[in-house]
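Pasted below: start33.csv, CSV, C-alpha atoms (C1' of nucleotides).
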chain,number,residue,atom,x,y,z
A,76,MET,CA,-14.6,3.3,-66.4
A,77,HIS,CA,-17.8,3.2,-64.3
A,78,VAL,CA,-20.2,6.0,-65.0
A,79,VAL,CA,-21.8,6.0,-61.6
A,80,GLU,CA,-18.4,6.2,-59.8
A,81,VAL,CA,-17.2,9.0,-62.0
A,82,SER,CA,-20.5,10.8,-61.5
A,83,LYS,CA,-20.1,10.6,-57.8
A,84,VAL,CA,-16.8,12.4,-58.1
A,85,LEU,CA,-18.4,15.1,-60.2
A,86,SER,CA,-21.3,15.5,-57.7
A,87,ASN,CA,-19.1,17.8,-55.6
A,88,GLY,CA,-18.2,21.3,-56.6
A,89,THR,CA,-14.7,21.2,-55.1
A,90,ARG,CA,-13.8,18.1,-57.0
A,91,VAL,CA,-15.1,19.5,-60.2
A,92,ASN,CA,-13.0,22.6,-59.6
A,93,ILE,CA,-9.9,20.5,-59.0
A,94,LEU,CA,-10.4,18.8,-62.4
A,95,LYS,CA,-10.9,22.2,-63.9
A,96,TRP,CA,-7.7,23.7,-62.4
A,97,LEU,CA,-5.7,20.7,-63.4
A,98,LYS,CA,-6.6,21.5,-67.0
A,99,ASP,CA,-4.3,24.5,-66.9
A,100,PRO,CA,-1.9,24.3,-63.8
A,101,GLU,CA,0.2,27.3,-64.9
A,102,LEU,CA,-2.9,29.5,-64.8
A,103,HIS,CA,-4.1,28.3,-61.4
A,104,PHE,CA,-1.0,27.3,-59.3
A,105,PRO,CA,2.3,28.8,-58.4
A,106,PRO,CA,5.4,27.2,-59.8
A,107,HIS,CA,6.8,24.1,-58.0
A,108,GLN,CA,9.9,24.4,-56.0
A,109,ASP,CA,11.8,21.3,-56.9
A,110,ILE,CA,10.7,21.0,-60.6
A,111,ASP,CA,10.1,23.6,-63.2
A,112,HIS,CA,7.1,22.0,-64.9
A,113,PHE,CA,3.6,20.6,-64.3
A,114,ASP,CA,4.1,17.5,-66.5
A,115,ASP,CA,3.1,15.3,-63.7
A,116,GLY,CA,0.4,17.6,-62.4
A,117,VAL,CA,0.2,19.6,-59.2
A,118,CYS,CA,1.2,18.7,-55.6
A,119,VAL,CA,-1.4,18.1,-52.9
A,120,GLY,CA,-0.4,21.1,-50.9
A,121,TYR,CA,-1.2,23.5,-53.6
A,122,ILE,CA,-4.5,22.0,-54.3
A,123,GLN,CA,-5.3,22.1,-50.6
A,124,ASP,CA,-4.4,25.8,-50.3
A,125,LYS,CA,-6.6,26.7,-53.2
A,126,THR,CA,-9.7,24.9,-51.8
A,127,GLY,CA,-9.2,25.9,-48.2
A,128,LEU,CA,-10.3,22.5,-47.0
A,129,SER,CA,-8.3,20.3,-44.6
A,130,GLN,CA,-5.3,18.3,-45.8
A,131,SER,CA,-7.0,15.0,-45.0
A,132,THR,CA,-10.1,16.0,-46.8
A,133,ILE,CA,-8.2,16.8,-50.0
A,134,SER,CA,-6.2,13.7,-49.7
A,135,THR,CA,-9.4,11.7,-49.5
A,136,TYR,CA,-10.9,13.6,-52.5
A,137,LEU,CA,-7.8,12.9,-54.6
A,138,ASN,CA,-7.9,9.3,-53.6
A,139,SER,CA,-11.5,8.9,-54.7
A,140,MET,CA,-10.7,10.7,-57.9
A,141,GLN,CA,-7.9,8.2,-58.5
A,142,GLN,CA,-10.1,5.3,-57.7
A,143,ALA,CA,-12.5,6.5,-60.3
A,144,GLY,CA,-9.6,6.8,-62.7
A,145,LEU,CA,-9.9,10.5,-63.2
A,146,VAL,CA,-6.4,11.4,-62.0
A,147,ILE,CA,-3.0,9.9,-62.0
A,148,PRO,CA,-0.6,10.3,-59.0
A,149,THR,CA,3.2,10.5,-59.4
A,150,ARG,CA,5.6,10.6,-56.5
A,151,HIS,CA,8.6,12.9,-56.6
A,152,GLY,CA,10.4,12.8,-53.4
A,153,LYS,CA,8.2,14.0,-50.6
A,154,TRP,CA,5.6,15.2,-53.0
A,155,THR,CA,2.8,13.5,-54.8
A,156,TYR,CA,1.7,15.2,-58.0
A,157,TYR,CA,-1.8,14.6,-59.5
A,158,ARG,CA,-2.6,15.1,-63.1
A,159,ARG,CA,-5.8,14.4,-65.1
A,160,ASN,CA,-6.3,11.1,-66.8
A,161,GLU,CA,-7.5,12.3,-70.2
A,162,GLU,CA,-8.3,8.8,-71.5
A,163,VAL,CA,-10.8,8.0,-68.7
A,164,ILE,CA,-12.3,11.5,-69.0
A,165,GLN,CA,-12.7,10.9,-72.7
A,166,ALA,CA,-14.3,7.5,-72.0
A,167,TYR,CA,-16.7,9.1,-69.6
A,168,TYR,CA,-17.8,11.4,-72.4
A,169,SER,CA,-18.3,8.6,-74.9
A,170,THR,CA,-20.3,6.5,-72.5
A,171,LEU,CA,-22.5,9.5,-71.5
A,172,LYS,CA,-23.1,10.0,-75.2
A,173,GLU,CA,-24.5,6.5,-75.4
A,174,VAL,CA,-26.5,6.7,-72.2
A,175,LEU,CA,-27.7,10.2,-72.3
B,44,MET,CA,-28.2,23.7,-65.6
B,45,HIS,CA,-26.0,22.9,-62.6
B,46,VAL,CA,-23.3,20.4,-63.2
B,47,VAL,CA,-23.2,19.2,-59.6
B,48,GLU,CA,-26.9,18.6,-59.4
B,49,VAL,CA,-27.1,16.7,-62.6
B,50,SER,CA,-24.0,14.7,-61.6
B,51,LYS,CA,-25.9,13.7,-58.4
B,52,VAL,CA,-28.7,12.3,-60.5
B,53,LEU,CA,-26.2,10.3,-62.5
B,54,SER,CA,-24.4,8.9,-59.5
B,55,ASN,CA,-27.1,6.3,-59.1
B,56,GLY,CA,-27.4,3.3,-61.5
B,57,THR,CA,-31.1,3.1,-61.5
B,58,ARG,CA,-31.5,6.8,-62.4
B,59,VAL,CA,-29.0,6.4,-65.2
B,60,ASN,CA,-31.0,3.4,-66.4
B,61,ILE,CA,-34.2,5.4,-66.4
B,62,LEU,CA,-32.6,8.0,-68.7
B,63,LYS,CA,-31.3,5.2,-70.9
B,64,TRP,CA,-34.8,3.6,-71.2
B,65,LEU,CA,-36.5,6.8,-71.9
B,66,LYS,CA,-34.3,7.2,-74.9
B,67,ASP,CA,-36.3,4.4,-76.6
B,68,PRO,CA,-39.5,3.7,-74.8
B,69,GLU,CA,-40.9,1.4,-77.5
B,70,LEU,CA,-38.0,-0.9,-76.9
B,71,HIS,CA,-38.2,-0.9,-73.1
B,72,PHE,CA,-41.9,-0.5,-72.1
B,73,PRO,CA,-45.2,-2.0,-73.0
B,74,PRO,CA,-47.7,0.2,-74.9
B,75,HIS,CA,-49.8,2.6,-72.8
B,76,GLN,CA,-53.4,1.9,-72.3
B,77,ASP,CA,-55.0,5.2,-72.9
B,78,ILE,CA,-52.7,6.6,-75.6
B,79,ASP,CA,-51.0,4.9,-78.4
B,80,HIS,CA,-47.7,6.8,-78.4
B,81,PHE,CA,-44.8,7.7,-76.1
B,82,ASP,CA,-44.6,11.4,-77.2
B,83,ASP,CA,-44.8,12.6,-73.6
B,84,GLY,CA,-42.7,9.8,-72.3
B,85,VAL,CA,-43.5,6.9,-70.0
B,86,CYS,CA,-45.9,6.7,-67.0
B,87,VAL,CA,-44.5,6.3,-63.5
B,88,GLY,CA,-45.9,2.8,-63.0
B,89,TYR,CA,-44.1,1.3,-65.9
B,90,ILE,CA,-40.8,2.7,-64.7
B,91,GLN,CA,-41.4,1.4,-61.3
B,92,ASP,CA,-42.2,-2.1,-62.5
B,93,LYS,CA,-39.0,-2.1,-64.5
B,94,THR,CA,-36.8,-1.1,-61.6
B,95,GLY,CA,-38.5,-3.2,-58.9
B,96,LEU,CA,-38.2,-0.3,-56.4
B,97,SER,CA,-41.1,1.1,-54.4
B,98,GLN,CA,-43.5,3.6,-55.8
B,99,SER,CA,-42.4,6.3,-53.5
B,100,THR,CA,-38.8,5.8,-54.3
B,101,ILE,CA,-39.4,6.1,-58.0
B,102,SER,CA,-41.5,9.1,-57.5
B,103,THR,CA,-38.7,10.7,-55.5
B,104,TYR,CA,-36.2,9.8,-58.2
B,105,LEU,CA,-38.2,11.3,-60.9
B,106,ASN,CA,-38.8,14.4,-58.9
B,107,SER,CA,-35.0,14.8,-58.3
B,108,MET,CA,-34.4,14.3,-62.0
B,109,GLN,CA,-37.0,16.9,-62.8
B,110,GLN,CA,-35.5,19.3,-60.3
B,111,ALA,CA,-32.2,18.9,-62.1
B,112,GLY,CA,-34.0,19.6,-65.4
B,113,LEU,CA,-33.3,16.2,-66.9
B,114,VAL,CA,-36.9,15.1,-67.4
B,115,ILE,CA,-40.2,16.8,-68.2
B,116,PRO,CA,-43.5,15.6,-66.7
B,117,THR,CA,-46.8,15.7,-68.5
B,118,ARG,CA,-50.1,14.9,-66.8
B,119,HIS,CA,-52.7,12.9,-68.7
B,120,GLY,CA,-55.6,12.1,-66.5
B,121,LYS,CA,-54.5,9.9,-63.7
B,122,TRP,CA,-51.1,9.3,-65.2
B,123,THR,CA,-47.9,11.4,-65.2
B,124,TYR,CA,-45.6,10.7,-68.1
B,125,TYR,CA,-42.0,11.5,-68.0
B,126,ARG,CA,-39.8,12.2,-71.0
B,127,ARG,CA,-36.2,13.3,-71.4
B,128,ASN,CA,-35.3,16.9,-71.6
B,129,GLU,CA,-32.8,16.8,-74.4
B,130,GLU,CA,-31.8,20.5,-74.2
B,131,VAL,CA,-30.6,20.2,-70.6
B,132,ILE,CA,-28.9,16.9,-71.4
B,133,GLN,CA,-27.1,18.6,-74.2
B,134,ALA,CA,-26.2,21.5,-72.0
B,135,TYR,CA,-24.7,19.2,-69.5
B,136,TYR,CA,-22.4,17.8,-72.2
B,137,SER,CA,-21.3,21.2,-73.3
B,138,THR,CA,-20.5,22.3,-69.8
B,139,LEU,CA,-18.6,19.1,-69.1
B,140,LYS,CA,-16.6,19.6,-72.2
B,141,GLU,CA,-15.5,22.9,-70.9
B,142,VAL,CA,-14.9,21.7,-67.4
B,143,LEU,CA,-13.5,18.3,-68.0
C,202,DA,C1',19.4,8.1,-36.4
C,203,DA,C1',16.7,12.0,-35.4
C,204,DT,C1',14.0,15.7,-37.2
C,205,DT,C1',11.2,17.7,-40.4
C,206,DC,C1',8.1,18.0,-44.1
C,207,DA,C1',4.4,16.2,-47.5
C,208,DT,C1',1.0,13.0,-47.9
C,209,DA,C1',-1.9,9.1,-46.5
C,210,DT,C1',-4.7,6.7,-43.4
C,211,DC,C1',-7.5,6.1,-39.3
C,212,DT,C1',-11.3,7.4,-36.2
C,213,DA,C1',-15.1,9.9,-35.3
C,214,DT,C1',-19.0,13.1,-35.9
C,215,DA,C1',-22.2,15.7,-38.7
C,216,DT,C1',-24.8,15.9,-42.8
C,217,DT,C1',-26.9,14.0,-46.8
C,218,DT,C1',-28.9,10.3,-49.4
C,219,DT,C1',-31.5,6.2,-49.9
C,220,DT,C1',-35.4,3.8,-49.4
C,221,DC,C1',-39.7,2.5,-47.6
C,222,DG,C1',-44.5,2.4,-45.6
C,223,DA,C1',-48.1,5.4,-44.6
C,224,DT,C1',-50.8,9.0,-46.0
C,225,DA,C1',-52.4,12.8,-49.0
C,226,DT,C1',-53.9,14.5,-53.5
C,227,DG,C1',-56.0,14.4,-57.8
C,228,DT,C1',-58.7,12.1,-61.4
C,229,DC,C1',-61.9,8.9,-63.4
C,230,DG,C1',-65.9,5.9,-63.5
C,231,DA,C1',-69.9,3.8,-61.3
D,194,DT,C1',-70.4,11.8,-54.5
D,195,DC,C1',-67.9,7.5,-53.4
D,196,DG,C1',-64.6,4.2,-54.3
D,197,DA,C1',-60.6,2.8,-57.0
D,198,DC,C1',-56.5,4.0,-59.1
D,199,DA,C1',-52.0,6.7,-60.2
D,200,DT,C1',-48.9,9.6,-58.3
D,201,DA,C1',-46.9,12.8,-54.8
D,202,DT,C1',-45.5,13.9,-50.3
D,203,DC,C1',-44.4,13.0,-45.5
D,204,DG,C1',-41.8,10.9,-41.7
D,205,DA,C1',-38.5,7.8,-40.3
D,206,DA,C1',-34.6,4.5,-40.2
D,207,DA,C1',-30.5,2.9,-42.4
D,208,DA,C1',-26.6,3.6,-45.3
D,209,DA,C1',-23.4,6.6,-47.5
D,210,DT,C1',-20.7,10.8,-47.8
D,211,DA,C1',-18.2,14.9,-46.0
D,212,DT,C1',-15.0,16.6,-43.2
D,213,DA,C1',-11.7,17.2,-39.6
D,214,DG,C1',-8.1,16.2,-36.1
D,215,DA,C1',-4.9,12.8,-34.8
D,216,DT,C1',-1.6,9.6,-36.2
D,217,DA,C1',1.2,6.9,-39.4
D,218,DT,C1',4.3,6.5,-43.4
D,219,DG,C1',7.9,7.7,-46.4
D,220,DA,C1',11.4,10.7,-48.0
D,221,DA,C1',14.9,14.3,-47.4
D,222,DT,C1',18.1,16.8,-44.4
D,223,DT,C1',21.0,17.5,-40.8
Write-out of the structure in structure tokens:
Amino acid sequence: MHVVEVSKVLSNGTRVNILKWLKDPELHFPPHQDIDHFDDGVCVGYIQDKTGLSQSTISTYLNSMQQAGLVIPTRHGKWTYYRRNEEVIQAYYSTLKEVL
Amino acid sequence: MHVVEVSKVLSNGTRVNILKWLKDPELHFPPHQDIDHFDDGVCVGYIQDKTGLSQSTISTYLNSMQQAGLVIPTRHGKWTYYRRNEEVIQAYYSTLKEVL
DNA sequence: AATTCATATCTATATTTTTCGATATGTCGA
DNA sequence: TCGACATATCGAAAAATATAGATATGAATT
């Protein structure tokens, strides 16, 4: 986990929101069509709808968040679901505590 | 305290280092000439020497860190000393804990 | 196999950030 | 008050990021 890389992700309000929303998908997103749970997170389209940004922008965001280790993608058929990577998030905390 | 603004500060290795160094000035900087303590932090010149970046760059960094509330400047004669603002740092933690 | 749908990647432009040298400001000492 | 020193600010060039439209890929459906 690289503090600087994770901080770059967090230096954008939309990306912070995405992480926030993924904390409680039931509260922030409609139910999925093909599956009846959020165990693997939320599909890209729902996240895009909620932000209002373009599909390619959201895909780029999610990719950078994945590179930083903050989210984990899972493919189900046509859809890619993204969920939080709690271990890395926790590691970011711990490191911040040392640094800050 | 604005999460995004603070995160921007932290998305640069040098600035993270500065915060780290300011945690224990005795360990990372030589003693000051005019005063015999680090109660108000460390002067700009010492920080600049340690980073190797230009004077104007460091001044800009410290200004952005101050804008974000992470450090507090104190003027003593010719020198400006910067120290950590523990309250804001703590607030950043707390907010992250809610968000992340 | 052709079409459709969801997502990823590519390309390009606009904006922001980084970083510096030059200059300005403020303070001390001669 | 003049020069030297520490820091701040300004202006500019280079690099990175943001964002979108166009296109590619991969999977499901017909």
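Each of C:DC221, C:DA207, C:DC229, C:DA202 was checked against DC203 (chain D) using only C-alpha atoms (C1' of nucleotides); the smallest atom-to-atom distance is that of C:DC221.
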Residues of chain A within 8 Å of chain D, using only C-alpha atoms (C1' of nucleotides), as an NGL selection string?
:A and (129 or 131-132 or 152-153)
Chain A residues near chain B within 12 Å, closest pair each, using only C-alpha atoms, as JSON lines:
{"residue": "A:His77", "atom": "CA", "partner": "B:Ser54", "partner_atom": "CA", "distance": 10.0}
{"residue": "A:Val78", "atom": "CA", "partner": "B:Ser54", "partner_atom": "CA", "distance": 7.5}
{"residue": "A:Val79", "atom": "CA", "partner": "B:Ser54", "partner_atom": "CA", "distance": 4.4}
{"residue": "A:Glu80", "atom": "CA", "partner": "B:Ser54", "partner_atom": "CA", "distance": 6.6}
{"residue": "A:Val81", "atom": "CA", "partner": "B:Ser54", "partner_atom": "CA", "distance": 7.6}
{"residue": "A:Ser82", "atom": "CA", "partner": "B:Ser54", "partner_atom": "CA", "distance": 4.8}
{"residue": "A:Lys83", "atom": "CA", "partner": "B:Ser54", "partner_atom": "CA", "distance": 4.9}
{"residue": "A:Val84", "atom": "CA", "partner": "B:Ser50", "partner_atom": "CA", "distance": 8.3}
{"residue": "A:Leu85", "atom": "CA", "partner": "B:Ser50", "partner_atom": "CA", "distance": 5.8}
{"residue": "A:Ser86", "atom": "CA", "partner": "B:Val47", "partner_atom": "CA", "distance": 4.6}
{"residue": "A:Asn87", "atom": "CA", "partner": "B:Val47", "partner_atom": "CA", "distance": 5.9}
{"residue": "A:Gly88", "atom": "CA", "partner": "B:Val47", "partner_atom": "CA", "distance": 6.2}
{"residue": "A:Thr89", "atom": "CA", "partner": "B:Val47", "partner_atom": "CA", "distance": 9.8}
{"residue": "A:Arg90", "atom": "CA", "partner": "B:Val47", "partner_atom": "CA", "distance": 9.8}
{"residue": "A:Val91", "atom": "CA", "partner": "B:Val142", "partner_atom": "CA", "distance": 7.5}
{"residue": "A:Asn92", "atom": "CA", "partner": "B:Val142", "partner_atom": "CA", "distance": 8.1}
{"residue": "A:Ile93", "atom": "CA", "partner": "B:Val142", "partner_atom": "CA", "distance": 9.8}
{"residue": "A:Leu94", "atom": "CA", "partner": "B:Leu143", "partner_atom": "CA", "distance": 6.4}
{"residue": "A:Lys95", "atom": "CA", "partner": "B:Val142", "partner_atom": "CA", "distance": 5.3}
{"residue": "A:Trp96", "atom": "CA", "partner": "B:Val142", "partner_atom": "CA", "distance": 9.0}
{"residue": "A:Leu97", "atom": "CA", "partner": "B:Leu143", "partner_atom": "CA", "distance": 9.4}
{"residue": "A:Lys98", "atom": "CA", "partner": "B:Leu143", "partner_atom": "CA", "distance": 7.7}
{"residue": "A:Asp99", "atom": "CA", "partner": "B:Val142", "partner_atom": "CA", "distance": 11.0}
{"residue": "A:Leu145", "atom": "CA", "partner": "B:Leu143", "partner_atom": "CA", "distance": 9.8}
{"residue": "A:Val146", "atom": "CA", "partner": "B:Leu143", "partner_atom": "CA", "distance": 11.6}
{"residue": "A:Arg159", "atom": "CA", "partner": "B:Leu143", "partner_atom": "CA", "distance": 9.1}
{"residue": "A:Asn160", "atom": "CA", "partner": "B:Leu143", "partner_atom": "CA", "distance": 10.3}
{"residue": "A:Glu161", "atom": "CA", "partner": "B:Leu143", "partner_atom": "CA", "distance": 8.8}
{"residue": "A:Glu162", "atom": "CA", "partner": "B:Leu143", "partner_atom": "CA", "distance": 11.4}
{"residue": "A:Val163", "atom": "CA", "partner": "B:Leu143", "partner_atom": "CA", "distance": 10.7}
{"residue": "A:Ile164", "atom": "CA", "partner": "B:Leu143", "partner_atom": "CA", "distance": 7.0}
{"residue": "A:Gln165", "atom": "CA", "partner": "B:Leu143", "partner_atom": "CA", "distance": 8.8}
{"residue": "A:Ala166", "atom": "CA", "partner": "B:Leu143", "partner_atom": "CA", "distance": 11.5}
{"residue": "A:Tyr167", "atom": "CA", "partner": "B:Leu143", "partner_atom": "CA", "distance": 9.9}
{"residue": "A:Tyr168", "atom": "CA", "partner": "B:Tyr136", "partner_atom": "CA", "distance": 7.9}
{"residue": "A:Ser169", "atom": "CA", "partner": "B:Tyr136", "partner_atom": "CA", "distance": 10.4}
{"residue": "A:Thr170", "atom": "CA", "partner": "B:Lys63", "partner_atom": "CA", "distance": 11.2}
{"residue": "A:Leu171", "atom": "CA", "partner": "B:Tyr136", "partner_atom": "CA", "distance": 8.3}
{"residue": "A:Lys172", "atom": "CA", "partner": "B:Tyr136", "partner_atom": "CA", "distance": 8.4}
{"residue": "A:Glu173", "atom": "CA", "partner": "B:Lys63", "partner_atom": "CA", "distance": 8.3}
{"residue": "A:Val174", "atom": "CA", "partner": "B:Lys63", "partner_atom": "CA", "distance": 5.2}
{"residue": "A:Leu175", "atom": "CA", "partner": "B:Lys63", "partner_atom": "CA", "distance": 6.3}
Separation of CA of Arg150 (chain A) and CA of Asp115 (chain A), in Å?
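One can read the CA of Arg150 (chain A) to CA of Asp115 (chain A) distance as 9.0 Å.
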Dump as a compact mmCIF listing (two decimals) with C-alpha atoms (C1' of nucleotides), in the coordinates of the input the residues of chain C that approach chain A to within 10 Å, counting all atoms listed in the file.
# COMPACT_ATOMS: atom_id res chain seq x y z
C1' DC C 206 8.10 18.00 -44.10
C1' DA C 207 4.40 16.20 -47.50
C1' DT C 208 1.00 13.00 -47.90
C1' DA C 209 -1.90 9.10 -46.50
C1' DT C 210 -4.70 6.70 -43.40
Kindly give the distance, in Å, that separates CA of Lys93 (chain B) and C1' of DT219 (chain C), rounded to a single decimal.
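Separation between CA of Lys93 (chain B) and C1' of DT219 (chain C): 18.4 Å.
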Rounded to one decimal place, report the CA of Gly116 (chain A)-CA of Pro148 (chain A) distance in Å.
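If I compute the distance from CA of Gly116 (chain A) to CA of Pro148 (chain A), I get 8.1 Å.
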